[in-house]
Every structure is written in structure tokens, then in C-alpha cells.
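Notes for the one structure printed next.
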Amino acid sequence: MQSVQDIFDRYQSVRSRLPEATFAQCTKTIGSPMDIADDVDAYVFDAFGVLNVGETPIPGAAARLDMLRARGCAIRVLSNAASYNHQGAVGKFQNLGIKVTSDEIITSRDATLADLDNRTWGCISATADDLSDIPSKTLRLGDDPSLYAQADGFLFLSSTGWSPSRQALLSKALKARPRLVVIANADLAAPRETAFSQEPGYFGHLLLDQAEGDVRFFGKPFGEVYALAEAGLGGIAPSRIAMVGDTLHTDIIGGAARGWSTVLVTQDGMFAGHDVRHFCHASGINPDWCVKRI
């Protein structure tokens with residue numbers, strides 16, 4: 001799944017598992033989010049493909065956030081990154097030179113942790129993740145089958161280091177004893193500097209394809225993370241909130257499902273180098289506006 005078409009096709013194949021939404025009849029092209037500021041009180045930005053690509057900030061993104069704040073607009077960053085805790089997310093953007101405060105960032109990990117119970121969670125996580133923010137007992141999963149057997153549920157935070165052999169261990173454990181699988185990042189793929197990475201959502205849908213486990217997804221396009229964003233926006237009407245992202249099946253579906261307006265960014269993210277009109281037509285997912293960069 002290394003091409004835009006492959007990723008798009010896979011999203012389409014799992015479309016029935018995503019929220020339903022109503023989309024614009026036609027998409028208008030704008031030069032920047034400033035062009036629609038009279039219609040928007042809060043801008044909610046995706047990160048990868050909009051503010052940064054991997055560890056590289058997108059030129060002009062940080063300055064645009066400052067311009068919108070100066071106009072009086074609320075700013076939020078809504079990220080499906082679940083590999084690090086909330087303070088790690090704040091630090092990541094600060095290291096990129098993108099000024100955001102702690103309350104301006106909402107991640108799929110935040111939404112996931114707000115819903116976890118106190119069972120023993122088998123965690124699929126990055127090595128650097130100390131799991132200290134998980135509010136219950138954890139087992140870090142790797143190549144030891146006994147740990148999969150001990151877990152009362154599975155928490156998929158990061159695909160870093162995940163492999164087909166480990167996916168097979170998870171499938172085998174679920175066949176032996178069905179349990180809840182929580183996917184804390186619903187993305188199938190994410191744009192990096194030179195390629196796409198496979199994200200936790202990809203592996204969660206593989207489990208569903210095989211009817212293994214009770215799989216629950218958090219992050220865009222699912223509602224919990226959008227509800228967190230709305231809760232911190234002081235009662236701004238959904239129609240005055242704009243979701244700005246680079247992916248049709250996460251950012252645009254998710255925003256539209258909440259009654260938000262939507263802006264698709266095309267130059268640096270999922271559809272970089274491609275005519276996005278083809279994918280909008282093929283999917284029927286039409287953002288309200290389209291912009292090259294923010």
C-alpha cells in the first residue's frame with residue numbers, strides 16, 4: 001500500500017465502517033484559509049500534510065496560524081498521532097517551530113485514554129513510549145506469545161516496529177480468546193518525506209477483514225476526537241468550525257459528519273502531485289473548499 005491510489009482504494013473498501021456524512025455539491029478553490037475567515041470562527045488543522053510532513057514543517061504554516069489568531073479565530077490541531085503522550089505532542093510542534101499551546105492540541109491518544117477502562121491492556125507502542133499516561137495496568141507486546149495471552153484487551157498506539165509476525169501473534173491470541181482491540185490512530189497511512197507509513201488503522205481493519213476481535217477505532221474520522229475539540233471551543237456553532245486536512249476519508253468525512261465545514265489541502269499531503277478532483281469524483285467526498293497550502 002505504497003501509492004496514493006492503493007491507499008485510496010483501501011479506504012474505499014472499508015468505507016462502510018466509517019461515519020456517514022453529507023458533502024458539498026461542489027468545491028470552491030481558495031488561496032488560503034484567510035479567504036473564508038468571515039465564515040469561520042475556529043480552524044481545526046490536521047498535522048501531517050498540512051502543518052508538517054514527517055519531521056519537516058511546511059513553509060508558511062506557522063505564520064498562517066499566527067495570522068488567524070490575530071484575526072480572532074480559535075486554532076486547534078487535531079492529530080491522529082498516538083505514538084506519544086500529550087506533552088510529547090506539544091513538544092513535537094514546538095520543535096518544528098510551530099507555536100501551539102497545550103490546549104490547542106487534541107490527539108487521538110487523548111480521545112482514546114478518556115474512554116479506557118481499568119482492564120490489563122496489551123500495548124502495541126513505540127519503544128520510546130513509557131506508557132505512563134495509561135490509567136491502568138499495561139503489558140508491552142512484542143514477540144512473547146505469553147503476554148498476548150495475559151492481556152484482557154489490546155491497545156494499538158503505534159505501528160513502529162510492528163511486523164507481520166506480531167500481527168499473526170495478535171490474530172492467534174484473538175482466535176483463542178476474543179477481546180477488545182482499541183486502535184488509537186484510525187489512519188491507514190501517513191505521508192512521510194519520501195513514502196507513506198502504515199498506521200495502526202491499517203492493522204485494525206485487517207483484523208476486521210478476518211472477523212477477529214471487537215475492534216474500536218479512535219481519531220479522525222470517528223466522533224470522539226471531534227467531540228473533544230468542540231468541548232474546548234466555547235460553544236462555537238459547528239457550522240462556524242472548519243476542518244482543514246489533507247485526507248478525504250479521515251479529515252473531510254470526519255468534519256462533515258460533525259456538521260463542520262471542510263477544507264482539503266492538496267500540495268504536500270496525501271494527494272501531493274495528483275489531481276484531487278479524480279479522487280473526489282470517485283468517492284463522492286467533496287470538501288467545501290480546496291487550497292494548495294494553508
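Chain labels run A, B, ... following the order of the C-alpha cells; each chain numbers its residues from 1, and ligands are numbered from 1 in the order shown.
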
What are the closest atom pairs, with distances in Å to one decimal, for each residue of stretch 60-179 of chain A lying within 9 Å of stretch 24-34 of chain A, using only C-alpha atoms, rows by chain and rising residue number, as CSV?
```
residue,atom,partner,partner_atom,distance
A:Arg64,CA,A:Pro33,CA,8.4
A:Met67,CA,A:Met34,CA,8.3
A:Leu68,CA,A:Met34,CA,7.1
```

Expected file: the selected residues, C-alpha atoms, as a PDB file, in the first residue's frame:
```pdb
ATOM      1  CA  ARG A  64      -0.622  31.301   8.972  1.00  0.00           C
ATOM      2  CA  MET A  67      -2.335  35.397  11.278  1.00  0.00           C
ATOM      3  CA  LEU A  68      -5.590  33.588  12.029  1.00  0.00           C
TER       4      LEU A  68
END
```

Any chance you could tabulate, as CSV, the residues of stretch 167-203 of chain A at most 9 Å from stretch 263-284 of chain A with each one's nearest atom pair and distance in Å to one decimal, using only C-alpha atoms, in chain and rising number order?
```
residue,atom,partner,partner_atom,distance
A:Ala189,CA,A:Met270,CA,8.8
A:Ala190,CA,A:Met270,CA,7.4
A:Pro191,CA,A:Gly269,CA,5.9
A:Arg192,CA,A:Gly269,CA,8.5
A:Phe196,CA,A:Met270,CA,8.7
```

Same residues, C-alpha atoms, output as a PDB file, in the first residue's frame:
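Saved the output as out_32.pdb:
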```
ATOM      1  CA  ALA A 189      -1.300   5.546   6.146  1.00  0.00           C
ATOM      2  CA  ALA A 190       0.533   8.828   6.731  1.00  0.00           C
ATOM      3  CA  PRO A 191       2.692  10.886   4.345  1.00  0.00           C
ATOM      4  CA  ARG A 192       6.378  10.965   5.234  1.00  0.00           C
ATOM      5  CA  PHE A 196       3.836   6.530   3.200  1.00  0.00           C
TER       6      PHE A 196
END
```

Sorted by chain and rising residue number, list the residues of stretch 123-236 of chain A at most 7 Å from stretch 77-85 of chain A (counting only C-alpha atoms), each with its closest atom pair and distance in Å to one decimal, as CSV.
```
residue,atom,partner,partner_atom,distance
A:Ser125,CA,A:Ser83,CA,6.6
A:Ala126,CA,A:Ser83,CA,6.2
A:Asp129,CA,A:Tyr84,CA,6.0
A:Asp133,CA,A:Asn85,CA,6.9
A:Leu157,CA,A:Ala82,CA,5.3
A:Ser158,CA,A:Ser83,CA,5.0
A:Ala184,CA,A:Ala82,CA,6.1
A:Asn185,CA,A:Asn80,CA,5.2
A:Ala186,CA,A:Asn80,CA,7.0
A:Asp187,CA,A:Asn80,CA,7.0
A:Gly219,CA,A:Asn80,CA,5.4
A:Lys220,CA,A:Asn80,CA,6.5
```

Pick from A:Gly254, A:Pro19, A:Pro178, A:Pro164: nearest to A:Gly213, with only C-alpha atoms counted?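 So, comparing all the options, the nearest one is A:Pro178.
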
Of the residues A:Ala114, A:Ile294, A:Val14, A:Leu180, which is the one nearest to A:Ala47, using only C-alpha atoms? A:Ile294
